[in-house]
>>> print(open('entry-v6.cif').read())   # mmCIF, C-alpha atoms
data_upload
#
loop_
_atom_site.group_PDB
_atom_site.id
_atom_site.type_symbol
_atom_site.label_atom_id
_atom_site.label_comp_id
_atom_site.auth_asym_id
_atom_site.auth_seq_id
_atom_site.Cartn_x
_atom_site.Cartn_y
_atom_site.Cartn_z
ATOM 1 C CA MET A 1 27.880 -56.353 -42.512
ATOM 2 C CA SER A 2 24.563 -56.976 -40.809
ATOM 3 C CA VAL A 3 26.064 -55.894 -37.497
ATOM 4 C CA ILE A 4 27.187 -52.609 -38.989
ATOM 5 C CA LEU A 5 23.726 -52.004 -40.435
ATOM 6 C CA ALA A 6 22.168 -52.823 -37.097
ATOM 7 C CA VAL A 7 24.424 -50.340 -35.380
ATOM 8 C CA ILE A 8 23.662 -47.684 -37.977
ATOM 9 C CA PHE A 9 19.923 -48.248 -37.616
ATOM 10 C CA ALA A 10 20.240 -48.136 -33.837
ATOM 11 C CA VAL A 11 22.117 -44.840 -33.987
ATOM 12 C CA ILE A 12 19.574 -43.370 -36.378
ATOM 13 C CA PHE A 13 16.749 -44.552 -34.144
ATOM 14 C CA LEU A 14 18.356 -43.000 -31.062
ATOM 15 C CA ILE A 15 18.884 -39.718 -32.920
ATOM 16 C CA LEU A 16 15.277 -39.622 -34.071
ATOM 17 C CA PHE A 17 14.071 -40.664 -30.624
ATOM 18 C CA SER A 18 16.037 -37.799 -29.044
ATOM 19 C CA GLY A 19 13.798 -35.356 -30.900
ATOM 20 C CA LEU A 20 10.674 -36.370 -29.006
ATOM 21 C CA ARG A 21 9.295 -33.858 -26.558
ATOM 22 C CA ILE A 22 6.323 -33.875 -24.197
ATOM 23 C CA ALA A 23 4.400 -30.758 -23.178
ATOM 24 C CA THR A 24 1.792 -31.010 -20.421
ATOM 25 C CA GLU A 25 -1.625 -29.373 -20.682
ATOM 26 C CA TYR A 26 -0.347 -26.115 -19.135
ATOM 27 C CA GLN A 27 2.838 -25.950 -21.242
ATOM 28 C CA ARG A 28 3.673 -24.915 -24.771
ATOM 29 C CA GLY A 29 6.827 -25.543 -26.762
ATOM 30 C CA VAL A 30 8.249 -22.574 -28.714
ATOM 31 C CA VAL A 31 10.165 -24.176 -31.607
ATOM 32 C CA PHE A 32 13.030 -22.597 -33.591
ATOM 33 C CA PHE A 33 14.518 -23.996 -36.825
ATOM 34 C CA LEU A 34 18.106 -22.890 -37.437
ATOM 35 C CA GLY A 35 17.472 -19.845 -35.256
ATOM 36 C CA ARG A 36 14.129 -18.856 -36.790
ATOM 37 C CA TYR A 37 10.821 -19.170 -35.011
ATOM 38 C CA VAL A 38 8.579 -21.734 -36.715
ATOM 39 C CA GLY A 39 5.656 -22.217 -34.329
ATOM 40 C CA LEU A 40 4.241 -23.609 -31.118
ATOM 41 C CA ARG A 41 3.977 -27.257 -30.160
ATOM 42 C CA GLY A 42 1.895 -29.009 -27.532
ATOM 43 C CA PRO A 43 0.217 -29.925 -25.382
ATOM 44 C CA GLY A 44 1.082 -33.596 -25.655
ATOM 45 C CA LEU A 45 3.804 -35.426 -27.586
ATOM 46 C CA TYR A 46 5.632 -33.640 -30.396
ATOM 47 C CA TRP A 47 8.846 -34.077 -32.333
ATOM 48 C CA ILE A 48 11.603 -31.675 -33.353
ATOM 49 C CA ILE A 49 14.530 -32.238 -35.676
ATOM 50 C CA PRO A 50 17.434 -33.333 -33.452
ATOM 51 C CA LEU A 51 21.155 -32.469 -33.565
ATOM 52 C CA GLY A 52 20.469 -28.799 -32.831
ATOM 53 C CA ILE A 53 18.682 -28.161 -36.102
ATOM 54 C CA GLU A 54 15.498 -27.411 -34.183
ATOM 55 C CA TRP A 55 15.178 -26.645 -30.503
ATOM 56 C CA ALA A 56 12.264 -25.817 -28.228
ATOM 57 C CA PHE A 57 11.690 -23.625 -25.180
ATOM 58 C CA THR A 58 8.981 -24.925 -22.853
ATOM 59 C CA ILE A 59 6.762 -22.150 -21.459
ATOM 60 C CA ASP A 60 4.359 -22.481 -18.540
ATOM 61 C CA ILE A 61 1.066 -20.686 -19.318
ATOM 62 C CA ARG A 62 -0.516 -21.017 -15.854
ATOM 63 C CA THR A 63 -1.249 -17.976 -13.709
ATOM 64 C CA LYS A 64 1.737 -17.104 -11.553
ATOM 65 C CA THR A 65 1.658 -15.371 -8.181
ATOM 66 C CA VAL A 66 4.543 -13.064 -7.400
ATOM 67 C CA SER A 67 4.967 -11.377 -4.030
ATOM 68 C CA ALA A 68 6.713 -8.053 -4.489
ATOM 69 C CA GLU A 69 9.283 -7.570 -1.762
ATOM 70 C CA ARG A 70 8.731 -4.753 0.741
ATOM 71 C CA GLN A 71 9.550 -1.443 -0.881
ATOM 72 C CA GLU A 72 10.504 1.634 1.116
ATOM 73 C CA THR A 73 9.217 4.642 -0.753
ATOM 74 C CA ILE A 74 8.172 8.246 -0.164
ATOM 75 C CA THR A 75 4.649 9.511 -0.766
ATOM 76 C CA ARG A 76 3.879 12.827 -2.415
ATOM 77 C CA ASP A 77 3.490 14.502 0.993
ATOM 78 C CA SER A 78 6.999 13.323 2.018
ATOM 79 C CA VAL A 79 6.064 10.416 4.297
ATOM 80 C CA THR A 80 8.333 7.363 4.193
ATOM 81 C CA ILE A 81 6.354 4.112 4.121
ATOM 82 C CA LYS A 82 7.005 0.444 3.369
ATOM 83 C CA VAL A 83 4.646 -1.282 0.951
ATOM 84 C CA ASN A 84 4.091 -4.936 0.038
ATOM 85 C CA ALA A 85 2.202 -5.966 -3.095
ATOM 86 C CA VAL A 86 1.110 -9.127 -4.907
ATOM 87 C CA LEU A 87 1.060 -9.621 -8.680
ATOM 88 C CA TRP A 88 -0.905 -12.234 -10.639
ATOM 89 C CA TYR A 89 -0.020 -12.727 -14.288
ATOM 90 C CA ARG A 90 0.048 -15.401 -16.990
ATOM 91 C CA VAL A 91 1.657 -15.893 -20.390
ATOM 92 C CA VAL A 92 -0.918 -15.604 -23.181
ATOM 93 C CA ASP A 93 1.545 -15.561 -26.093
ATOM 94 C CA ALA A 94 4.362 -18.037 -25.510
ATOM 95 C CA ALA A 95 6.253 -16.947 -28.609
ATOM 96 C CA LYS A 96 6.432 -13.289 -27.547
ATOM 97 C CA SER A 97 7.465 -14.255 -24.033
ATOM 98 C CA VAL A 98 10.569 -15.903 -25.515
ATOM 99 C CA ILE A 99 11.343 -13.619 -28.457
ATOM 100 C CA ALA A 100 10.501 -10.175 -27.061
ATOM 101 C CA VAL A 101 12.203 -10.424 -23.664
ATOM 102 C CA GLU A 102 15.137 -12.408 -22.315
ATOM 103 C CA ASP A 103 13.695 -13.480 -18.957
ATOM 104 C CA VAL A 104 9.993 -12.768 -18.818
ATOM 105 C CA ALA A 105 9.545 -13.629 -15.121
ATOM 106 C CA SER A 106 12.375 -11.352 -14.001
ATOM 107 C CA ALA A 107 11.256 -8.579 -16.348
ATOM 108 C CA VAL A 108 7.678 -8.634 -15.036
ATOM 109 C CA TYR A 109 8.872 -8.683 -11.435
ATOM 110 C CA GLN A 110 11.221 -5.721 -11.842
ATOM 111 C CA LEU A 111 8.554 -3.804 -13.759
ATOM 112 C CA ALA A 112 6.075 -4.404 -10.925
ATOM 113 C CA LEU A 113 8.525 -3.082 -8.311
ATOM 114 C CA THR A 114 9.251 0.032 -10.346
ATOM 115 C CA SER A 115 5.564 0.675 -10.954
ATOM 116 C CA LEU A 116 4.780 0.252 -7.261
ATOM 117 C CA ARG A 117 7.334 2.863 -6.234
ATOM 118 C CA ASN A 118 6.273 5.315 -8.940
ATOM 119 C CA ILE A 119 2.544 5.119 -8.215
ATOM 120 C CA ILE A 120 2.998 5.471 -4.454
ATOM 121 C CA GLY A 121 5.239 8.488 -5.013
ATOM 122 C CA GLN A 122 2.473 10.220 -6.975
ATOM 123 C CA HIS A 123 -0.107 10.037 -4.161
ATOM 124 C CA ASP A 124 -0.500 11.409 -0.653
ATOM 125 C CA LEU A 125 -0.507 9.092 2.349
ATOM 126 C CA ASP A 126 -4.266 9.495 2.881
ATOM 127 C CA ASP A 127 -4.917 8.371 -0.707
ATOM 128 C CA VAL A 128 -2.675 5.336 -0.287
ATOM 129 C CA LEU A 129 -4.526 4.281 2.870
ATOM 130 C CA LYS A 130 -8.100 5.124 1.839
ATOM 131 C CA GLU A 131 -8.156 4.715 -1.957
ATOM 132 C CA ARG A 132 -6.637 1.247 -2.287
ATOM 133 C CA ASN A 133 -8.899 0.180 -5.135
ATOM 134 C CA LYS A 134 -7.910 3.267 -7.105
ATOM 135 C CA ILE A 135 -4.197 2.656 -6.430
ATOM 136 C CA ASN A 136 -4.529 -1.004 -7.452
ATOM 137 C CA ASP A 137 -6.186 -0.046 -10.742
ATOM 138 C CA LEU A 138 -3.378 2.409 -11.450
ATOM 139 C CA LEU A 139 -0.751 -0.239 -10.681
ATOM 140 C CA CYS A 140 -2.284 -2.601 -13.243
ATOM 141 C CA ALA A 141 -2.738 0.095 -15.884
ATOM 142 C CA ASN A 142 0.851 1.275 -15.468
ATOM 143 C CA ILE A 143 2.409 -2.060 -16.495
ATOM 144 C CA VAL A 144 -0.138 -3.371 -18.996
ATOM 145 C CA ASP A 145 1.475 -1.742 -22.057
ATOM 146 C CA SER A 146 4.887 -3.275 -21.398
ATOM 147 C CA THR A 147 3.625 -6.720 -20.416
ATOM 148 C CA THR A 148 1.360 -6.927 -23.483
ATOM 149 C CA ARG A 149 4.397 -6.547 -25.729
ATOM 150 C CA TRP A 150 5.954 -9.466 -23.884
ATOM 151 C CA GLY A 151 2.931 -11.730 -24.385
ATOM 152 C CA VAL A 152 1.915 -11.466 -20.717
ATOM 153 C CA GLU A 153 -1.505 -10.634 -19.282
ATOM 154 C CA VAL A 154 -1.624 -9.001 -15.833
ATOM 155 C CA GLU A 155 -4.692 -10.287 -14.005
ATOM 156 C CA ARG A 156 -4.321 -8.428 -10.713
ATOM 157 C CA PHE A 157 -1.766 -6.214 -9.013
ATOM 158 C CA GLU A 158 -2.700 -5.175 -5.483
ATOM 159 C CA MET A 159 -1.087 -3.692 -2.409
ATOM 160 C CA LYS A 160 -1.003 -6.208 0.433
ATOM 161 C CA ASP A 161 0.304 -4.194 3.355
ATOM 162 C CA VAL A 162 1.333 -0.619 4.153
ATOM 163 C CA GLU A 163 3.709 -0.135 7.083
ATOM 164 C CA LEU A 164 3.928 3.338 8.631
ATOM 165 C CA PRO A 165 6.679 4.767 10.850
ATOM 166 C CA GLU A 166 5.907 4.623 14.585
ATOM 167 C CA ALA A 167 5.802 8.416 14.869
ATOM 168 C CA MET A 168 3.244 8.606 12.054
ATOM 169 C CA GLN A 169 1.175 5.855 13.691
ATOM 170 C CA ARG A 170 1.008 7.886 16.920
ATOM 171 C CA VAL A 171 -0.005 11.026 15.038
ATOM 172 C CA MET A 172 -2.724 9.197 13.115
ATOM 173 C CA SER A 173 -3.992 7.608 16.330
ATOM 174 C CA MET A 174 -4.282 11.053 17.941
ATOM 175 C CA GLN A 175 -6.031 12.357 14.844
ATOM 176 C CA ALA A 176 -8.526 9.494 14.850
ATOM 177 C CA GLU A 177 -9.209 10.038 18.556
ATOM 178 C CA ALA A 178 -9.787 13.757 17.981
ATOM 179 C CA ILE A 179 -12.205 12.992 15.125
ATOM 180 C CA ARG A 180 -14.175 10.562 17.312
ATOM 181 C CA GLU A 181 -14.344 13.125 20.141
ATOM 182 C CA LYS A 182 -15.539 15.769 17.687
ATOM 183 C CA ARG A 183 -18.310 13.483 16.443
ATOM 184 C CA ALA A 184 -19.373 12.671 20.006
ATOM 185 C CA ARG A 185 -19.609 16.349 20.901
ATOM 186 C CA ILE A 186 -21.580 17.131 17.762
ATOM 187 C CA ILE A 187 -24.030 14.308 18.502
ATOM 188 C CA LYS A 188 -24.411 15.496 22.113
ATOM 189 C CA ALA A 189 -24.968 19.099 21.019
ATOM 190 C CA GLU A 190 -27.568 18.025 18.475
ATOM 191 C CA ALA A 191 -29.356 15.981 21.149
ATOM 192 C CA GLU A 192 -29.375 18.935 23.557
ATOM 193 C CA LEU A 193 -30.674 21.237 20.827
ATOM 194 C CA GLU A 194 -33.484 18.823 19.994
ATOM 195 C CA ALA A 195 -34.328 18.392 23.698
ATOM 196 C CA SER A 196 -34.431 22.156 24.257
ATOM 197 C CA SER A 197 -36.783 22.540 21.294
ATOM 198 C CA LYS A 198 -39.090 19.885 22.738
ATOM 199 C CA LEU A 199 -38.985 21.486 26.190
ATOM 200 C CA GLN A 200 -39.761 24.888 24.711
ATOM 201 C CA ALA A 201 -42.756 23.491 22.850
ATOM 202 C CA ALA A 202 -43.947 21.710 26.009
ATOM 203 C CA SER A 203 -43.596 24.841 28.165
ATOM 204 C CA GLU A 204 -45.536 26.923 25.673
ATOM 205 C CA GLN A 205 -48.315 24.360 25.616
ATOM 206 C CA MET A 206 -48.473 24.120 29.419
ATOM 207 C CA ALA A 207 -48.410 27.911 29.841
ATOM 208 C CA GLY A 208 -51.679 28.147 27.952
ATOM 209 C CA ASN A 209 -53.279 25.328 29.918
ATOM 210 C CA PRO A 210 -52.951 25.581 33.760
ATOM 211 C CA VAL A 211 -54.617 22.203 34.210
ATOM 212 C CA ALA A 212 -51.838 20.541 32.232
ATOM 213 C CA LEU A 213 -49.286 22.273 34.449
ATOM 214 C CA GLU A 214 -51.012 20.925 37.570
ATOM 215 C CA LEU A 215 -51.115 17.426 36.115
ATOM 216 C CA ARG A 216 -47.410 17.579 35.338
ATOM 217 C CA ARG A 217 -46.689 18.711 38.883
ATOM 218 C CA MET A 218 -48.702 15.847 40.325
ATOM 219 C CA GLN A 219 -46.887 13.388 38.051
ATOM 220 C CA MET A 220 -43.524 14.694 39.229
ATOM 221 C CA ILE A 221 -44.597 14.268 42.875
ATOM 222 C CA SER A 222 -45.631 10.680 42.250
ATOM 223 C CA GLU A 223 -42.297 9.948 40.548
ATOM 224 C CA VAL A 224 -40.342 11.383 43.485
ATOM 225 C CA GLY A 225 -42.424 9.491 46.019
ATOM 226 C CA ALA A 226 -42.063 6.219 44.140
ATOM 227 C CA GLU A 227 -38.331 6.146 44.836
ATOM 228 C CA ASN A 228 -39.011 5.466 48.551
ATOM 229 C CA ASN A 229 -36.645 8.151 49.868
ATOM 230 C CA SER A 230 -36.747 10.738 52.648
ATOM 231 C CA THR A 231 -37.491 13.702 50.411
ATOM 232 C CA THR A 232 -39.978 16.161 51.944
ATOM 233 C CA ILE A 233 -42.425 17.660 49.480
ATOM 234 C CA LEU A 234 -44.168 20.942 50.224
ATOM 235 C CA MET A 235 -47.215 21.565 48.097
ATOM 236 C CA ILE A 236 -47.920 25.186 47.174
ATOM 237 C CA PRO A 237 -50.956 25.933 45.047
ATOM 238 C CA SER A 238 -50.224 27.666 41.816
ATOM 239 C CA ASP A 239 -52.626 30.476 42.829
ATOM 240 C CA PHE A 240 -50.185 31.446 45.561
ATOM 241 C CA VAL A 241 -47.424 31.720 42.999
ATOM 242 C CA THR A 242 -49.601 33.934 40.794
ATOM 243 C CA LEU A 243 -50.649 36.061 43.801
ATOM 244 C CA ALA A 244 -47.052 36.482 44.920
ATOM 245 C CA LYS A 245 -46.059 37.570 41.436
ATOM 246 C CA SER A 246 -48.939 40.127 41.318
ATOM 247 C CA LEU A 247 -48.050 41.449 44.781
ATOM 248 C CA SER A 248 -44.402 41.817 43.795
ATOM 249 C CA GLU A 249 -45.368 43.817 40.715
ATOM 250 C CA TYR A 250 -47.725 46.035 42.795
ATOM 251 C CA LEU A 251 -45.057 46.802 45.370
ATOM 252 C CA ARG A 252 -42.540 47.575 42.631
ATOM 253 C CA GLU A 253 -44.913 50.011 40.958
ATOM 254 C CA HIS A 254 -45.931 51.614 44.300
ATOM 255 C CA GLY A 255 -42.319 52.062 45.306
ATOM 256 C CA SER A 256 -41.461 53.727 42.005
ATOM 257 C CA HIS A 257 -44.302 56.319 42.453
ATOM 258 C CA GLN A 258 -42.983 57.304 45.880
#
>>> encode(input="entry-v6.cif", output="structure tokens")
Amino acid sequence: MSVILAVIFAVIFLILFSGLRIATEYQRGVVFFLGRYVGLRGPGLYWIIPLGIEWAFTIDIRTKTVSAERQETITRDSVTIKVNAVLWYRVVDAAKSVIAVEDVASAVYQLALTSLRNIIGQHDLDDVLKERNKINDLLCANIVDSTTRWGVEVERFEMKDVELPEAMQRVMSMQAEAIREKRARIIKAEAELEASSKLQAASEQMAGNPVALELRRMQMISEVGAENNSTTILMIPSDFVTLAKSLSEYLREHGSHQ
């Protein structure tokens, strides 16, 4: 009789022992009693009624990183591109992540892929390449409503890489080169305009001061001579230039009277 009791007690002990569960610090146990949700358990050691009366789903509440596979999609201006993205999310309501959706990880992943294709298709290629922060914000906002209902918080959703067709890469390279050449020409033209303005101001100042003109001429001679070359310099006084100009005007007027 005592043996039978010992066996019974051993069986009961094993049954009760089978109801022990352990949840680590980053896990929570979602417990159901006869099919109805009754609450969360953990972290640490907890016990559920064995023999299938209660059962628990263990949910990891750490932030998960999901790399969205390369998606080939078409932008609004009909350019085919391939886009990679990365999603960071975590479960904030373990009960909803079990009750509201069958496979929360798969659901979030598929939702991210769909959102990525939709958002890219609503923007031109230039926006996708230049306005990445704006696109990333739209990607997050587009999936927040659905993930909230599943007890999931999306922390970040960002494009990682945009791959362009080779033909488009060549066109964009030519465009960038043309833009750089345009900027260089504009800068050169602005420099020439500024230099001409300075030269005009200098010539006007020298025209009213013959001494300054002579000093500039002497400075130019010294600069040429300093180079130690075989240049021959012929000095002509400025009075001769003025006299020649006056004589030319006199002869022109005299010739017109005849």
>>> residues_around(input="entry-v6.cif", residues="Ile59 of chain A", least_positions_apart="4", cutoff="9 Å", atoms="all atoms listed in the file", output="list in words")
Tyr26, Gln27, Arg28, Gly29, Val30, Val91, Ala94, Ala95, Ser97 and Val98 of chain A
>>> atom_distance(input="entry-v6.cif", atom1="atom CA of Lys130 of chain A", atom2="atom CA of Val162 of chain A")
11.3 Å
>>> residues_near_point(input="entry-v6.cif", point="(5.9, -0.7, 0.8)", cutoff="7 Å", atoms="all atoms listed in the file", output="list in words")
Arg70, Gln71, Glu72, Thr73, Ile81, Lys82, Val83, Asn84, Val162 and Glu163 of chain A
>>> closest_residue(input="entry-v6.cif", among="A:Val154, A:Leu5, A:Val11, A:Arg36", to="Thr65 of chain A", atoms="all atoms listed in the file")
A:Val154
>>> atom_distance(input="entry-v6.cif", atom1="atom CA of Val79 of chain A", atom2="atom CA of Pro165 of chain A")
8.7 Å
>>> residues_near_point(input="entry-v6.cif", point="(8.6, -24.9, -29.0)", cutoff="12 Å", atoms="only C-alpha atoms", output="PDB file with C-alpha atoms, in the frame of the given file")
ATOM      1  CA  GLY A  19      13.798 -35.356 -30.900  1.00  0.00           C
ATOM      2  CA  LEU A  20      10.674 -36.370 -29.006  1.00  0.00           C
ATOM      3  CA  ARG A  21       9.295 -33.858 -26.558  1.00  0.00           C
ATOM      4  CA  ILE A  22       6.323 -33.875 -24.197  1.00  0.00           C
ATOM      5  CA  ALA A  23       4.400 -30.758 -23.178  1.00  0.00           C
ATOM      6  CA  GLN A  27       2.838 -25.950 -21.242  1.00  0.00           C
ATOM      7  CA  ARG A  28       3.673 -24.915 -24.771  1.00  0.00           C
ATOM      8  CA  GLY A  29       6.827 -25.543 -26.762  1.00  0.00           C
ATOM      9  CA  VAL A  30       8.249 -22.574 -28.714  1.00  0.00           C
ATOM     10  CA  VAL A  31      10.165 -24.176 -31.607  1.00  0.00           C
ATOM     11  CA  PHE A  32      13.030 -22.597 -33.591  1.00  0.00           C
ATOM     12  CA  PHE A  33      14.518 -23.996 -36.825  1.00  0.00           C
ATOM     13  CA  GLY A  35      17.472 -19.845 -35.256  1.00  0.00           C
ATOM     14  CA  ARG A  36      14.129 -18.856 -36.790  1.00  0.00           C
ATOM     15  CA  TYR A  37      10.821 -19.170 -35.011  1.00  0.00           C
ATOM     16  CA  VAL A  38       8.579 -21.734 -36.715  1.00  0.00           C
ATOM     17  CA  GLY A  39       5.656 -22.217 -34.329  1.00  0.00           C
ATOM     18  CA  LEU A  40       4.241 -23.609 -31.118  1.00  0.00           C
ATOM     19  CA  ARG A  41       3.977 -27.257 -30.160  1.00  0.00           C
ATOM     20  CA  GLY A  42       1.895 -29.009 -27.532  1.00  0.00           C
ATOM     21  CA  PRO A  43       0.217 -29.925 -25.382  1.00  0.00           C
ATOM     22  CA  GLY A  44       1.082 -33.596 -25.655  1.00  0.00           C
ATOM     23  CA  LEU A  45       3.804 -35.426 -27.586  1.00  0.00           C
ATOM     24  CA  TYR A  46       5.632 -33.640 -30.396  1.00  0.00           C
ATOM     25  CA  TRP A  47       8.846 -34.077 -32.333  1.00  0.00           C
ATOM     26  CA  ILE A  48      11.603 -31.675 -33.353  1.00  0.00           C
ATOM     27  CA  ILE A  49      14.530 -32.238 -35.676  1.00  0.00           C
ATOM     28  CA  GLU A  54      15.498 -27.411 -34.183  1.00  0.00           C
ATOM     29  CA  TRP A  55      15.178 -26.645 -30.503  1.00  0.00           C
ATOM     30  CA  ALA A  56      12.264 -25.817 -28.228  1.00  0.00           C
ATOM     31  CA  PHE A  57      11.690 -23.625 -25.180  1.00  0.00           C
ATOM     32  CA  THR A  58       8.981 -24.925 -22.853  1.00  0.00           C
ATOM     33  CA  ILE A  59       6.762 -22.150 -21.459  1.00  0.00           C
ATOM     34  CA  ASP A  60       4.359 -22.481 -18.540  1.00  0.00           C
ATOM     35  CA  ALA A  94       4.362 -18.037 -25.510  1.00  0.00           C
ATOM     36  CA  ALA A  95       6.253 -16.947 -28.609  1.00  0.00           C
ATOM     37  CA  LYS A  96       6.432 -13.289 -27.547  1.00  0.00           C
ATOM     38  CA  SER A  97       7.465 -14.255 -24.033  1.00  0.00           C
ATOM     39  CA  VAL A  98      10.569 -15.903 -25.515  1.00  0.00           C
ATOM     40  CA  ILE A  99      11.343 -13.619 -28.457  1.00  0.00           C
TER      41      ILE A  99
END
>>> atom_distance(input="entry-v6.cif", atom1="atom CA of Ser78 of chain A", atom2="atom CA of Leu129 of chain A")
14.7 Å
>>> closest_residue(input="entry-v6.cif", among="A:Ala85, A:Leu251, A:Val152, A:Val3", to="Ala105 of chain A", atoms="all atoms listed in the file")
A:Val152
>>> resolve_selection(input="entry-v6.cif", expression="the PyMOL selection byres ((chain A and resi 76) around 6)", output="PyMOL selection string")
chain A and resi 75+77-78+121-124
>>> resolve_selection(input="entry-v6.cif", expression="the PyMOL selection byres ((chain A and resi 155) around 12)", output="mmCIF file with C-alpha atoms, in the coordinates of the input")
data_model
loop_
_atom_site.group_PDB
_atom_site.id
_atom_site.type_symbol
_atom_site.label_atom_id
_atom_site.label_comp_id
_atom_site.auth_asym_id
_atom_site.auth_seq_id
_atom_site.Cartn_x
_atom_site.Cartn_y
_atom_site.Cartn_z
ATOM 1 C CA ARG A 62 -0.516 -21.017 -15.854
ATOM 2 C CA THR A 63 -1.249 -17.976 -13.709
ATOM 3 C CA LYS A 64 1.737 -17.104 -11.553
ATOM 4 C CA THR A 65 1.658 -15.371 -8.181
ATOM 5 C CA VAL A 66 4.543 -13.064 -7.400
ATOM 6 C CA VAL A 86 1.110 -9.127 -4.907
ATOM 7 C CA LEU A 87 1.060 -9.621 -8.680
ATOM 8 C CA TRP A 88 -0.905 -12.234 -10.639
ATOM 9 C CA TYR A 89 -0.020 -12.727 -14.288
ATOM 10 C CA ARG A 90 0.048 -15.401 -16.990
ATOM 11 C CA VAL A 91 1.657 -15.893 -20.390
ATOM 12 C CA VAL A 92 -0.918 -15.604 -23.181
ATOM 13 C CA ASN A 136 -4.529 -1.004 -7.452
ATOM 14 C CA ASP A 137 -6.186 -0.046 -10.742
ATOM 15 C CA LEU A 139 -0.751 -0.239 -10.681
ATOM 16 C CA CYS A 140 -2.284 -2.601 -13.243
ATOM 17 C CA ALA A 141 -2.738 0.095 -15.884
ATOM 18 C CA ILE A 143 2.409 -2.060 -16.495
ATOM 19 C CA VAL A 144 -0.138 -3.371 -18.996
ATOM 20 C CA THR A 147 3.625 -6.720 -20.416
ATOM 21 C CA THR A 148 1.360 -6.927 -23.483
ATOM 22 C CA VAL A 152 1.915 -11.466 -20.717
ATOM 23 C CA GLU A 153 -1.505 -10.634 -19.282
ATOM 24 C CA VAL A 154 -1.624 -9.001 -15.833
ATOM 25 C CA ARG A 156 -4.321 -8.428 -10.713
ATOM 26 C CA PHE A 157 -1.766 -6.214 -9.013
ATOM 27 C CA GLU A 158 -2.700 -5.175 -5.483
#
>>> closest_residue(input="entry-v6.cif", among="A:Ile120, A:Val101, A:Leu199, A:Ala184", to="Gly151 of chain A", atoms="all atoms listed in the file")
A:Val101
>>> axis_aligned_box(input="entry-v6.cif", around="segment 30-36 of chain A", padding_each_side="5 Å", output="lines of an AutoDock Vina configuration file")
center_x = 13.2
center_y = -21.5
center_z = -33.1
size_x = 19.9
size_y = 15.3
size_z = 18.7
>>> resolve_selection(input="entry-v6.cif", expression="the PyMOL selection byres ((chain A and resi 110) around 12)", output="number ranges by chain")
A: 66-69, 71, 87, 103-109, 111-117, 143, 146-147
